[in-house]
>>> print(open('structure-v3.txt').read())   # compact mmCIF, C-alpha atoms
# COMPACT_ATOMS: atom_id res chain seq x y z
CA MET A 1 0.00 0.00 0.00
CA VAL A 2 2.83 2.40 0.84
CA ARG A 3 4.46 1.68 -2.51
CA VAL A 4 1.19 2.47 -4.34
CA LEU A 5 0.76 5.73 -2.43
CA ARG A 6 4.32 6.79 -3.22
CA ALA A 7 3.76 6.00 -6.89
CA LEU A 8 0.52 8.02 -6.88
CA ASN A 9 2.17 10.97 -5.15
CA GLY A 10 5.02 10.85 -7.68
CA SER A 11 2.52 10.84 -10.54
CA ILE A 12 0.68 13.81 -9.05
CA LYS A 13 3.92 15.78 -8.75
CA ASP A 14 4.81 14.92 -12.36
CA LEU A 15 1.38 16.08 -13.54
CA ASP A 16 1.69 19.33 -11.56
CA ARG A 17 5.06 20.03 -13.18
CA SER A 18 3.67 19.24 -16.62
CA VAL A 19 0.64 21.48 -16.10
CA ALA A 20 2.84 24.36 -14.97
CA ALA A 21 5.21 23.84 -17.90
CA HIS A 22 2.42 23.87 -20.50
CA LEU A 23 0.27 26.61 -18.99
CA GLY A 24 2.18 29.34 -20.81
CA GLU A 25 1.29 27.80 -24.16
CA HIS A 26 -2.41 28.59 -23.76
CA PRO A 27 -3.65 31.95 -25.14
CA ASP A 28 -5.69 32.67 -21.97
CA ALA A 29 -2.88 31.78 -19.56
CA ALA A 30 -1.99 35.43 -18.90
CA VAL A 31 -5.53 36.13 -17.64
CA PHE A 32 -5.48 33.32 -15.07
CA ARG A 33 -1.85 33.77 -14.01
CA SER A 34 -2.48 37.48 -13.35
CA LEU A 35 -4.92 36.77 -10.50
CA PRO A 36 -3.60 37.45 -6.99
CA ARG A 37 -1.93 34.35 -5.49
CA ALA A 38 -3.30 32.07 -8.21
CA GLY A 39 0.03 30.30 -8.74
CA GLN A 40 0.85 28.06 -11.67
CA VAL A 41 -1.13 24.98 -10.66
CA ASN A 42 -4.26 26.80 -9.50
CA ALA A 43 -4.23 29.03 -12.61
CA ALA A 44 -3.96 25.90 -14.78
CA GLN A 45 -6.79 24.20 -12.87
CA MET A 46 -9.09 27.20 -13.32
CA LEU A 47 -8.21 27.52 -16.99
CA ALA A 48 -8.75 23.81 -17.63
CA GLU A 49 -12.18 23.85 -16.01
CA TRP A 50 -13.18 27.24 -17.43
CA GLY A 51 -12.50 26.10 -20.99
CA ASP A 52 -11.80 27.86 -24.25
CA CYS A 53 -15.19 28.44 -25.83
CA ARG A 54 -16.37 31.99 -25.25
CA GLU A 55 -19.83 31.11 -26.60
CA ALA A 56 -20.26 28.39 -23.95
CA TYR A 57 -21.39 30.84 -21.25
CA ASP A 58 -24.24 33.36 -21.34
CA GLY A 59 -22.42 35.38 -18.73
CA PRO A 60 -20.64 35.15 -15.39
CA GLU A 61 -23.72 33.70 -13.69
CA ALA A 62 -23.51 30.62 -15.95
CA VAL A 63 -19.88 30.15 -14.89
CA ALA A 64 -20.91 30.61 -11.24
CA ALA A 65 -23.62 27.95 -11.58
CA LEU A 66 -21.27 25.48 -13.28
CA SER A 67 -18.63 25.96 -10.59
CA GLY A 68 -21.09 25.72 -7.70
CA MET A 69 -20.69 29.34 -6.62
CA ALA A 70 -24.28 30.39 -7.40
CA PRO A 71 -26.72 29.62 -4.59
CA VAL A 72 -29.80 27.46 -5.21
CA THR A 73 -33.21 28.86 -4.28
CA ARG A 74 -35.96 26.40 -3.39
CA ARG A 75 -39.56 27.58 -3.19
CA SER A 76 -42.62 25.70 -2.04
CA GLY A 77 -45.78 27.62 -1.35
CA LYS A 78 -44.84 30.47 0.98
CA HIS A 79 -41.54 28.93 2.02
CA THR A 80 -38.31 30.02 0.33
CA ALA A 81 -34.88 28.62 1.17
CA VAL A 82 -31.50 29.46 -0.31
CA GLY A 83 -28.85 26.80 -0.08
CA PHE A 84 -25.53 25.45 -1.24
CA ARG A 85 -25.24 24.09 -4.80
CA TRP A 86 -24.25 20.42 -4.57
CA ALA A 87 -24.68 19.55 -8.27
CA CYS A 88 -21.72 21.20 -9.98
CA ASN A 89 -18.27 20.61 -11.40
CA LYS A 90 -16.38 19.77 -8.18
CA ARG A 91 -12.93 20.33 -9.70
CA PHE A 92 -14.05 23.77 -10.87
CA ARG A 93 -15.45 24.58 -7.42
CA ASN A 94 -12.21 23.50 -5.76
CA ALA A 95 -10.10 25.60 -8.14
CA MET A 96 -12.26 28.71 -7.64
CA THR A 97 -12.46 28.42 -3.86
CA THR A 98 -8.70 27.90 -3.69
CA LEU A 99 -8.20 31.15 -5.62
CA ALA A 100 -10.76 32.97 -3.47
CA ASP A 101 -9.24 31.84 -0.18
CA ASN A 102 -5.67 32.60 -1.28
CA SER A 103 -6.47 35.93 -2.95
CA ARG A 104 -7.99 37.46 0.17
CA ARG A 105 -4.51 37.42 1.68
CA GLU A 106 -3.06 39.62 -1.08
CA SER A 107 -5.99 41.55 -2.56
CA PRO A 108 -7.58 44.19 -0.30
CA TRP A 109 -10.72 43.98 -2.46
CA ALA A 110 -11.06 40.21 -1.95
CA ALA A 111 -10.38 40.63 1.78
CA ALA A 112 -13.12 43.28 1.98
CA VAL A 113 -15.63 41.04 0.15
CA TYR A 114 -14.75 38.17 2.50
CA GLN A 115 -15.04 40.35 5.62
CA ALA A 116 -18.39 41.78 4.48
CA ALA A 117 -19.73 38.23 4.04
CA MET A 118 -18.44 37.24 7.49
CA ASP A 119 -20.02 40.39 8.99
CA ARG A 120 -23.36 39.35 7.46
CA GLY A 121 -23.11 36.06 9.36
CA ALA A 122 -21.63 33.72 6.74
CA ASP A 123 -19.33 30.97 7.90
CA HIS A 124 -15.85 30.62 6.36
CA PRO A 125 -16.78 28.26 3.47
CA HIS A 126 -19.77 30.41 2.53
CA ALA A 127 -17.71 33.62 2.66
CA VAL A 128 -15.06 32.01 0.44
CA ARG A 129 -17.78 31.08 -2.09
CA VAL A 130 -19.00 34.70 -2.03
CA VAL A 131 -15.45 35.85 -2.85
CA ALA A 132 -15.16 33.20 -5.57
CA ARG A 133 -18.42 34.36 -7.16
CA ALA A 134 -17.14 37.93 -7.14
CA TRP A 135 -13.88 36.77 -8.75
CA ILE A 136 -15.86 34.94 -11.45
CA ARG A 137 -17.40 38.24 -12.55
CA VAL A 138 -13.95 39.86 -12.72
CA ILE A 139 -12.31 36.90 -14.47
CA HIS A 140 -15.17 36.64 -16.97
CA ARG A 141 -14.64 40.25 -18.03
CA CYS A 142 -10.87 39.80 -18.31
CA TRP A 143 -11.35 36.52 -20.20
CA LEU A 144 -13.78 38.05 -22.71
CA ASP A 145 -11.49 41.04 -23.28
CA GLY A 146 -8.37 38.85 -23.37
CA VAL A 147 -6.53 41.09 -20.91
CA PRO A 148 -4.77 40.11 -17.65
CA TYR A 149 -6.26 41.21 -14.35
CA ASP A 150 -5.14 44.68 -13.31
CA PRO A 151 -6.28 46.00 -9.91
CA ALA A 152 -5.85 49.55 -11.23
CA ARG A 153 -8.62 48.88 -13.77
CA HIS A 154 -10.85 46.95 -11.34
CA GLY A 155 -13.47 49.35 -10.02
CA GLY A 156 -14.03 47.45 -6.77
CA ALA A 157 -10.33 47.39 -6.00
CA ARG A 158 -9.87 51.04 -6.97
CA ARG A 159 -12.55 52.14 -4.48
CA LEU A 160 -10.41 50.70 -1.68
CA THR A 161 -7.26 52.52 -2.75
CA PRO A 162 -6.70 55.76 -0.77
CA ALA A 163 -4.96 57.42 -3.76
CA ASP A 164 -8.19 57.19 -5.74
CA GLU A 165 -10.32 58.78 -3.06
CA VAL A 166 -11.64 62.17 -3.95
CA PRO A 167 -10.97 64.71 -1.19
CA VAL A 168 -14.07 66.31 0.26
CA PRO A 169 -13.89 70.12 -0.01
CA ALA A 170 -14.02 71.97 3.30
CA ARG A 171 -17.16 73.92 3.96
CA GLY A 172 -16.50 77.57 4.36
>>> encode(input="structure-v3.txt", output="structure tokens")
Amino acid sequence: MVRVLRALNGSIKDLDRSVAAHLGEHPDAAVFRSLPRAGQVNAAQMLAEWGDCREAYDGPEAVAALSGMAPVTRRSGKHTAVGFRWACNKRFRNAMTTLADNSRRESPWAAAVYQAAMDRGADHPHAVRVVARAWIRVIHRCWLDGVPYDPARHGGARRLTPADEVPVPARG
């Protein structure tokens, strides 16, 4: 059993190295590598699950549903409940939540989205999914435009930057 586990771990490491080596060959690699703390493997995982076909998604909400980041609303009579999406691409969900959790440590915008979700009473996994859903909207725009993520162009991130704050004139 130990020999099998060592062989599996070796294969996983080889695949990780191969993924990182070939990531740069993809035309959308720059978009996914530009995300805060995405790293080579996580960027490759997101790109692999996201896919190439720009016509495949109606918008960012379709990507959020596929990756399990969009909540599911259940209604019956007068009762409405919003819950976690179980039916989704699990590899995609894992890649997006990994990005969301890591990015909040480098991106003030992602940290603010996470903290706002926690302040509303979300637990950690839910707050991470909220951040991931927000990132999906940003990534979708970058992906459609074919441009890497730039916090200076991201409106949500710019609002948190003190240099972009407009000074309030003193009342005389």
>>> residues_around(input="structure-v3.txt", residues="Ile136 in chain A", least_positions_apart="5", cutoff="8 Å", atoms="only C-alpha atoms", output="ChimeraX atom specification")
/A:60,63-64
>>> atom_distance(input="structure-v3.txt", atom1="CA of Asp28 in chain A", atom2="CA of Asn9 in chain A")
28.6 Å
>>> closest_residue(input="structure-v3.txt", among="A:Tyr149, A:Trp135, A:Ala122, A:Arg129", to="Phe32 in chain A", atoms="only C-alpha atoms")
A:Tyr149
>>> closest_atom_pairs(input="structure-v3.txt", of="range 110-129 of chain A", to="range 70-85 of chain A", cutoff="12 Å", atoms="only C-alpha atoms", output="Markdown table")
| residue | atom | partner | partner_atom | distance |
| --- | --- | --- | --- | --- |
| A:Pro125 | CA | A:Phe84 | CA | 10.3 |
| A:His126 | CA | A:Phe84 | CA | 8.5 |
| A:Ala127 | CA | A:Phe84 | CA | 12.0 |
| A:Arg129 | CA | A:Ala70 | CA | 8.4 |
>>> closest_residue(input="structure-v3.txt", among="A:His154, A:Arg141, A:His124, A:Arg104", to="Ala38 in chain A", atoms="only C-alpha atoms")
A:Arg104
>>> atom_distance(input="structure-v3.txt", atom1="CA of Val113 in chain A", atom2="CA of Ala134 in chain A")
8.1 Å
>>> axis_aligned_box(input="structure-v3.txt", around="range 39-42 of chain A", padding_each_side="3 Å", output="lines of an AutoDock Vina configuration file")
center_x = -1.7
center_y = 27.6
center_z = -10.2
size_x = 11.1
size_y = 11.3
size_z = 8.9
>>> atom_distance(input="structure-v3.txt", atom1="CA of Val130 in chain A", atom2="CA of Met69 in chain A")
7.3 Å
>>> residues_around(input="structure-v3.txt", residues="His26 in chain A", least_positions_apart="6", cutoff="12 Å", atoms="only C-alpha atoms", output="list in words")
Val19, Ala20, Phe32, Arg33, Ala43, Ala44, Leu47, Ala48, Gly51, Asp52 and Gly146 of chain A
>>> closest_residue(input="structure-v3.txt", among="A:Ala157, A:Trp143, A:Ala111, A:Asn89", to="Ala30 in chain A", atoms="all atoms listed in the file")
A:Trp143
>>> closest_residue(input="structure-v3.txt", among="A:Leu144, A:Ala112, A:Ala132, A:Val41", to="Cys53 in chain A", atoms="all atoms listed in the file")
A:Leu144
>>> closest_residue(input="structure-v3.txt", among="A:Gly156, A:Asn42, A:His140, A:Arg54", to="Thr97 in chain A", atoms="only C-alpha atoms")
A:Asn42
>>> closest_residue(input="structure-v3.txt", among="A:Val2, A:Met96, A:Ala29, A:Leu66", to="Cys142 in chain A", atoms="all atoms listed in the file")
A:Ala29
>>> decode(input="structure-v3.txt", residues="range 26-151 of chain A", atoms="C-alpha atoms", output="tab-separated table (two decimals), in the first residue's frame")
chain	number	residue	atom	x	y	z
A	26	HIS	CA	-2.41	28.59	-23.76
A	27	PRO	CA	-3.65	31.95	-25.14
A	28	ASP	CA	-5.69	32.67	-21.97
A	29	ALA	CA	-2.88	31.78	-19.56
A	30	ALA	CA	-1.99	35.43	-18.90
A	31	VAL	CA	-5.53	36.13	-17.64
A	32	PHE	CA	-5.48	33.32	-15.07
A	33	ARG	CA	-1.85	33.77	-14.01
A	34	SER	CA	-2.48	37.48	-13.35
A	35	LEU	CA	-4.92	36.77	-10.50
A	36	PRO	CA	-3.60	37.45	-6.99
A	37	ARG	CA	-1.93	34.35	-5.49
A	38	ALA	CA	-3.30	32.07	-8.21
A	39	GLY	CA	0.03	30.30	-8.74
A	40	GLN	CA	0.85	28.06	-11.67
A	41	VAL	CA	-1.13	24.98	-10.66
A	42	ASN	CA	-4.26	26.80	-9.50
A	43	ALA	CA	-4.23	29.03	-12.61
A	44	ALA	CA	-3.96	25.90	-14.78
A	45	GLN	CA	-6.79	24.20	-12.87
A	46	MET	CA	-9.09	27.20	-13.32
A	47	LEU	CA	-8.21	27.52	-16.99
A	48	ALA	CA	-8.75	23.81	-17.63
A	49	GLU	CA	-12.18	23.85	-16.01
A	50	TRP	CA	-13.18	27.24	-17.43
A	51	GLY	CA	-12.50	26.10	-20.99
A	52	ASP	CA	-11.80	27.86	-24.25
A	53	CYS	CA	-15.19	28.44	-25.83
A	54	ARG	CA	-16.37	31.99	-25.25
A	55	GLU	CA	-19.83	31.11	-26.60
A	56	ALA	CA	-20.26	28.39	-23.95
A	57	TYR	CA	-21.39	30.84	-21.25
A	58	ASP	CA	-24.24	33.36	-21.34
A	59	GLY	CA	-22.42	35.38	-18.73
A	60	PRO	CA	-20.64	35.15	-15.39
A	61	GLU	CA	-23.72	33.70	-13.69
A	62	ALA	CA	-23.51	30.62	-15.95
A	63	VAL	CA	-19.88	30.15	-14.89
A	64	ALA	CA	-20.91	30.61	-11.24
A	65	ALA	CA	-23.62	27.95	-11.58
A	66	LEU	CA	-21.27	25.48	-13.28
A	67	SER	CA	-18.63	25.96	-10.59
A	68	GLY	CA	-21.09	25.72	-7.70
A	69	MET	CA	-20.69	29.34	-6.62
A	70	ALA	CA	-24.28	30.39	-7.40
A	71	PRO	CA	-26.72	29.62	-4.59
A	72	VAL	CA	-29.80	27.46	-5.21
A	73	THR	CA	-33.21	28.86	-4.28
A	74	ARG	CA	-35.96	26.40	-3.39
A	75	ARG	CA	-39.56	27.58	-3.19
A	76	SER	CA	-42.62	25.70	-2.04
A	77	GLY	CA	-45.78	27.62	-1.35
A	78	LYS	CA	-44.84	30.47	0.98
A	79	HIS	CA	-41.54	28.93	2.02
A	80	THR	CA	-38.31	30.02	0.33
A	81	ALA	CA	-34.88	28.62	1.17
A	82	VAL	CA	-31.50	29.46	-0.31
A	83	GLY	CA	-28.85	26.80	-0.08
A	84	PHE	CA	-25.53	25.45	-1.24
A	85	ARG	CA	-25.24	24.09	-4.80
A	86	TRP	CA	-24.25	20.42	-4.57
A	87	ALA	CA	-24.68	19.55	-8.27
A	88	CYS	CA	-21.72	21.20	-9.98
A	89	ASN	CA	-18.27	20.61	-11.40
A	90	LYS	CA	-16.38	19.77	-8.18
A	91	ARG	CA	-12.93	20.33	-9.70
A	92	PHE	CA	-14.05	23.77	-10.87
A	93	ARG	CA	-15.45	24.58	-7.42
A	94	ASN	CA	-12.21	23.50	-5.76
A	95	ALA	CA	-10.10	25.60	-8.14
A	96	MET	CA	-12.26	28.71	-7.64
A	97	THR	CA	-12.46	28.42	-3.86
A	98	THR	CA	-8.70	27.90	-3.69
A	99	LEU	CA	-8.20	31.15	-5.62
A	100	ALA	CA	-10.76	32.97	-3.47
A	101	ASP	CA	-9.24	31.84	-0.18
A	102	ASN	CA	-5.67	32.60	-1.28
A	103	SER	CA	-6.47	35.93	-2.95
A	104	ARG	CA	-7.99	37.46	0.17
A	105	ARG	CA	-4.51	37.42	1.68
A	106	GLU	CA	-3.06	39.62	-1.08
A	107	SER	CA	-5.99	41.55	-2.56
A	108	PRO	CA	-7.58	44.19	-0.30
A	109	TRP	CA	-10.72	43.98	-2.46
A	110	ALA	CA	-11.06	40.21	-1.95
A	111	ALA	CA	-10.38	40.63	1.78
A	112	ALA	CA	-13.12	43.28	1.98
A	113	VAL	CA	-15.63	41.04	0.15
A	114	TYR	CA	-14.75	38.17	2.50
A	115	GLN	CA	-15.04	40.35	5.62
A	116	ALA	CA	-18.39	41.78	4.48
A	117	ALA	CA	-19.73	38.23	4.04
A	118	MET	CA	-18.44	37.24	7.49
A	119	ASP	CA	-20.02	40.39	8.99
A	120	ARG	CA	-23.36	39.35	7.46
A	121	GLY	CA	-23.11	36.06	9.36
A	122	ALA	CA	-21.63	33.72	6.74
A	123	ASP	CA	-19.33	30.97	7.90
A	124	HIS	CA	-15.85	30.62	6.36
A	125	PRO	CA	-16.78	28.26	3.47
A	126	HIS	CA	-19.77	30.41	2.53
A	127	ALA	CA	-17.71	33.62	2.66
A	128	VAL	CA	-15.06	32.01	0.44
A	129	ARG	CA	-17.78	31.08	-2.09
A	130	VAL	CA	-19.00	34.70	-2.03
A	131	VAL	CA	-15.45	35.85	-2.85
A	132	ALA	CA	-15.16	33.20	-5.57
A	133	ARG	CA	-18.42	34.36	-7.16
A	134	ALA	CA	-17.14	37.93	-7.14
A	135	TRP	CA	-13.88	36.77	-8.75
A	136	ILE	CA	-15.86	34.94	-11.45
A	137	ARG	CA	-17.40	38.24	-12.55
A	138	VAL	CA	-13.95	39.86	-12.72
A	139	ILE	CA	-12.31	36.90	-14.47
A	140	HIS	CA	-15.17	36.64	-16.97
A	141	ARG	CA	-14.64	40.25	-18.03
A	142	CYS	CA	-10.87	39.80	-18.31
A	143	TRP	CA	-11.35	36.52	-20.20
A	144	LEU	CA	-13.78	38.05	-22.71
A	145	ASP	CA	-11.49	41.04	-23.28
A	146	GLY	CA	-8.37	38.85	-23.37
A	147	VAL	CA	-6.53	41.09	-20.91
A	148	PRO	CA	-4.77	40.11	-17.65
A	149	TYR	CA	-6.26	41.21	-14.35
A	150	ASP	CA	-5.14	44.68	-13.31
A	151	PRO	CA	-6.28	46.00	-9.91
